[in-house]
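**Student:** What follows is a structure written as structure tokens; I'll ask about it next.
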Amino acid sequence: MSVIPLVFTSGWASGINAYAVVLLLGLFGATGVSDEVPAALQRTDVLIVAGVLFLCEAVADKVPYVDSVWDTAHTVIRPVAGAVVAALLAGESGSLPELAAGAIGGSTALMSHLVKAGTRMAVNTSPEPFSNIGMSVVEDLGVAGVIIFALFNPVAAAVIAAVLLVLGIVTVLFLASRIRRFLRRRAQRREEKRPAGAGGPWPPG
């Protein structure tokens, strides 16, 4: 069977929480639950690093504004992780060239990352922290559920991931005004933090 559905699903999930994807796949492979997981993801050092980073993300992802800073820092990390995981999956199965798999996984991860980052910007226009916590929990559960499902029914999981990606894009477009409001507030805060006179004209001699 082609590995494309699993590659697509892992890419979508990596764009939301790459560390959870690596940790879950590695654990399922190491415990013998699935034979589809590459040996590189089952290594003890990889699992430890992924576990520590997952815990860091679990905290940062639930704090207003900190989550958006975290997302910004992961704009490159998540797509790269999605591409690497996809390439490893392709290399394990031999049914898809690794370069093509990396392109699928990386581009899908980038799209889902942008959806997540945009949604969080919109959520951060609300002053209370409960929306962030709720969104983070839903995202983590969604990633875990879809990845576990993908190991047993990759085609159905890929369909679910595709539907969630489309719904996410539509949601971000619907929340565009809130996202612009968040960006304006962030620019205003940066402007307020600048030292007086910074970037202004030179004082007269």
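The chains in the structure tokens are called A, B, ... from first to last as shown; in each chain the residues are counted from 1, and the ligands are counted from 1 in the order shown.
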Tell me, counting only C-alpha atoms, for each residue of stretch 76-169 of chain A within 10 Å of stretch 54-65 of chain A, which pair of atoms is nearest and how far apart they are in Å to one decimal, in rows ordered by chain and increasing number, as JSON lines.
**Tutor:**
```
{"residue": "A:Arg120", "atom": "CA", "partner": "A:Tyr65", "partner_atom": "CA", "distance": 8.5}
{"residue": "A:Met121", "atom": "CA", "partner": "A:Tyr65", "partner_atom": "CA", "distance": 8.0}
{"residue": "A:Val123", "atom": "CA", "partner": "A:Pro64", "partner_atom": "CA", "distance": 8.4}
{"residue": "A:Asn124", "atom": "CA", "partner": "A:Pro64", "partner_atom": "CA", "distance": 5.9}
{"residue": "A:Thr125", "atom": "CA", "partner": "A:Pro64", "partner_atom": "CA", "distance": 9.2}
{"residue": "A:Ser126", "atom": "CA", "partner": "A:Pro64", "partner_atom": "CA", "distance": 9.0}
{"residue": "A:Pro127", "atom": "CA", "partner": "A:Pro64", "partner_atom": "CA", "distance": 8.4}
{"residue": "A:Glu128", "atom": "CA", "partner": "A:Pro64", "partner_atom": "CA", "distance": 8.2}
{"residue": "A:Pro129", "atom": "CA", "partner": "A:Pro64", "partner_atom": "CA", "distance": 6.0}
{"residue": "A:Phe130", "atom": "CA", "partner": "A:Lys62", "partner_atom": "CA", "distance": 8.4}
{"residue": "A:Ser131", "atom": "CA", "partner": "A:Lys62", "partner_atom": "CA", "distance": 8.7}
{"residue": "A:Asn132", "atom": "CA", "partner": "A:Lys62", "partner_atom": "CA", "distance": 5.2}
{"residue": "A:Ile133", "atom": "CA", "partner": "A:Lys62", "partner_atom": "CA", "distance": 4.6}
{"residue": "A:Gly134", "atom": "CA", "partner": "A:Lys62", "partner_atom": "CA", "distance": 8.1}
{"residue": "A:Met135", "atom": "CA", "partner": "A:Lys62", "partner_atom": "CA", "distance": 8.0}
{"residue": "A:Ser136", "atom": "CA", "partner": "A:Lys62", "partner_atom": "CA", "distance": 6.0}
{"residue": "A:Val137", "atom": "CA", "partner": "A:Lys62", "partner_atom": "CA", "distance": 8.4}
{"residue": "A:Glu139", "atom": "CA", "partner": "A:Asp61", "partner_atom": "CA", "distance": 10.0}
{"residue": "A:Asp140", "atom": "CA", "partner": "A:Ala58", "partner_atom": "CA", "distance": 8.4}
```
**Student:** Limited to N, CA and C atoms, could you put the picked residues into a file as a compact mmCIF listing (two decimals), in the first residue's frame?
**Tutor:**
```
# COMPACT_ATOMS: atom_id res chain seq x y z
N ARG A 120 -4.47 31.04 16.56
CA ARG A 120 -4.02 31.49 17.88
C ARG A 120 -3.93 33.01 17.96
N MET A 121 -3.55 33.66 16.88
CA MET A 121 -3.54 35.12 16.88
C MET A 121 -4.94 35.66 17.12
N VAL A 123 -7.41 34.08 18.64
CA VAL A 123 -7.80 33.75 20.02
C VAL A 123 -7.17 34.72 21.01
N ASN A 124 -5.96 35.17 20.72
CA ASN A 124 -5.25 36.07 21.63
C ASN A 124 -5.82 37.48 21.68
N THR A 125 -6.79 37.78 20.84
CA THR A 125 -7.47 39.07 20.96
C THR A 125 -8.46 39.06 22.12
N SER A 126 -8.73 37.87 22.66
CA SER A 126 -9.59 37.74 23.84
C SER A 126 -8.72 37.80 25.09
N PRO A 127 -9.13 38.57 26.11
CA PRO A 127 -8.27 38.78 27.27
C PRO A 127 -8.14 37.58 28.21
N GLU A 128 -9.07 36.61 28.14
CA GLU A 128 -9.02 35.50 29.10
C GLU A 128 -8.15 34.36 28.55
N PRO A 129 -7.55 33.56 29.46
CA PRO A 129 -6.63 32.50 29.03
C PRO A 129 -7.31 31.17 28.70
N PHE A 130 -8.60 31.04 29.00
CA PHE A 130 -9.25 29.74 28.88
C PHE A 130 -9.39 29.30 27.43
N SER A 131 -9.54 30.27 26.51
CA SER A 131 -9.63 29.93 25.09
C SER A 131 -8.33 29.28 24.62
N ASN A 132 -7.19 29.81 25.06
CA ASN A 132 -5.90 29.24 24.67
C ASN A 132 -5.74 27.82 25.20
N ILE A 133 -6.12 27.62 26.46
CA ILE A 133 -6.01 26.30 27.06
C ILE A 133 -6.91 25.30 26.33
N GLY A 134 -8.14 25.72 26.05
CA GLY A 134 -9.08 24.85 25.35
C GLY A 134 -8.59 24.50 23.95
N MET A 135 -8.10 25.50 23.21
CA MET A 135 -7.58 25.26 21.87
C MET A 135 -6.41 24.29 21.90
N SER A 136 -5.50 24.50 22.86
CA SER A 136 -4.32 23.65 22.96
C SER A 136 -4.69 22.20 23.25
N VAL A 137 -5.63 22.00 24.17
CA VAL A 137 -6.05 20.64 24.50
C VAL A 137 -6.70 19.96 23.30
N GLU A 139 -6.22 20.64 20.13
CA GLU A 139 -5.18 20.37 19.14
C GLU A 139 -4.37 19.13 19.50
N ASP A 140 -3.97 19.03 20.77
CA ASP A 140 -3.16 17.88 21.21
C ASP A 140 -3.95 16.58 21.06
```
**Student:** Contacts of stretch 26-30 of chain A at 8 Å or less, counting only C-alpha atoms, minus same-chain residues fewer than 6 places along, as a PDB file with N, CA, C and O atoms, in the first residue's frame?
**Tutor:**
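Resulting contents of around.pdb:
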```
ATOM      1  N   GLU A  36       5.249   0.202  10.794  1.00  0.00           N
ATOM      2  CA  GLU A  36       5.416   1.253   9.793  1.00  0.00           C
ATOM      3  C   GLU A  36       6.388   2.348  10.232  1.00  0.00           C
ATOM      4  O   GLU A  36       6.750   3.211   9.445  1.00  0.00           O
ATOM      5  N   VAL A  37       6.797   2.311  11.504  1.00  0.00           N
ATOM      6  CA  VAL A  37       7.606   3.397  12.052  1.00  0.00           C
ATOM      7  C   VAL A  37       9.088   3.154  11.789  1.00  0.00           C
ATOM      8  O   VAL A  37       9.608   2.090  12.136  1.00  0.00           O
ATOM      9  N   PRO A  38       9.790   4.129  11.200  1.00  0.00           N
ATOM     10  CA  PRO A  38      11.225   3.977  10.938  1.00  0.00           C
ATOM     11  C   PRO A  38      12.028   3.820  12.225  1.00  0.00           C
ATOM     12  O   PRO A  38      11.654   4.365  13.277  1.00  0.00           O
ATOM     13  N   ALA A  39      13.113   3.099  12.142  1.00  0.00           N
ATOM     14  CA  ALA A  39      13.953   2.850  13.316  1.00  0.00           C
ATOM     15  C   ALA A  39      14.527   4.143  13.885  1.00  0.00           C
ATOM     16  O   ALA A  39      14.739   4.256  15.099  1.00  0.00           O
ATOM     17  N   LEU A  41      13.132   6.929  14.384  1.00  0.00           N
ATOM     18  CA  LEU A  41      12.199   7.562  15.312  1.00  0.00           C
ATOM     19  C   LEU A  41      12.040   6.771  16.605  1.00  0.00           C
ATOM     20  O   LEU A  41      11.464   7.273  17.567  1.00  0.00           O
ATOM     21  N   GLN A  42      12.550   5.553  16.636  1.00  0.00           N
ATOM     22  CA  GLN A  42      12.405   4.713  17.820  1.00  0.00           C
ATOM     23  C   GLN A  42      13.607   4.798  18.755  1.00  0.00           C
ATOM     24  O   GLN A  42      13.587   4.210  19.831  1.00  0.00           O
ATOM     25  N   ARG A  43      14.618   5.528  18.346  1.00  0.00           N
ATOM     26  CA  ARG A  43      15.818   5.638  19.172  1.00  0.00           C
ATOM     27  C   ARG A  43      15.505   6.303  20.509  1.00  0.00           C
ATOM     28  O   ARG A  43      14.689   7.231  20.585  1.00  0.00           O
ATOM     29  N   LEU A  47      13.431   9.841  21.398  1.00  0.00           N
ATOM     30  CA  LEU A  47      12.215   9.828  22.224  1.00  0.00           C
ATOM     31  C   LEU A  47      12.356  10.759  23.425  1.00  0.00           C
ATOM     32  O   LEU A  47      11.400  11.460  23.783  1.00  0.00           O
TER      33      LEU A  47
END
```
**Student:** From a DSSP calculation on the backbone, collect every residue of stretch 11-189 of chain A in alpha helix (DSSP H) and output the set as a ChimeraX atom specification.
**Tutor:** /A:11-30,44-60,66-73,77-93,98-123,130-152,154-174,176-189
**Student:** For A:Leu165, which residue out of A:Ala117, A:Val143, A:Ala103, A:Met111 is the nearest one, using only C-alpha atoms?
**Tutor:**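 Going through A:Ala117, A:Val143, A:Ala103, A:Met111 one by one, the smallest distance to A:Leu165 is for A:Met111.
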**Student:** Would you list the contacts of A:Arg78 as a PyMOL selection string, taking every protein, DNA or RNA residue within 6 Å and counting only C-alpha atoms, but skipping same-chain residues closer than 2 positions in sequence?
**Tutor:** chain A and resi 14-15+18+74+76+80-81
**Student:** For A:Gly168, list every protein, DNA or RNA residue within 12 Å, evaluated using only C-alpha atoms, and leave out those in the same chain fewer than 4 positions away; present the list as a ChimeraX atom specification.
**Tutor:** /A:12,16,111-120,139,161-164,172-175
**Student:** Find, counting only C-alpha atoms, the residue in A:Leu6, A:Ala50, A:Ala13, A:Ile179 that gets nearest to A:Leu110.
**Tutor:**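 Closest residue, counting only C-alpha atoms: A:Ala13.
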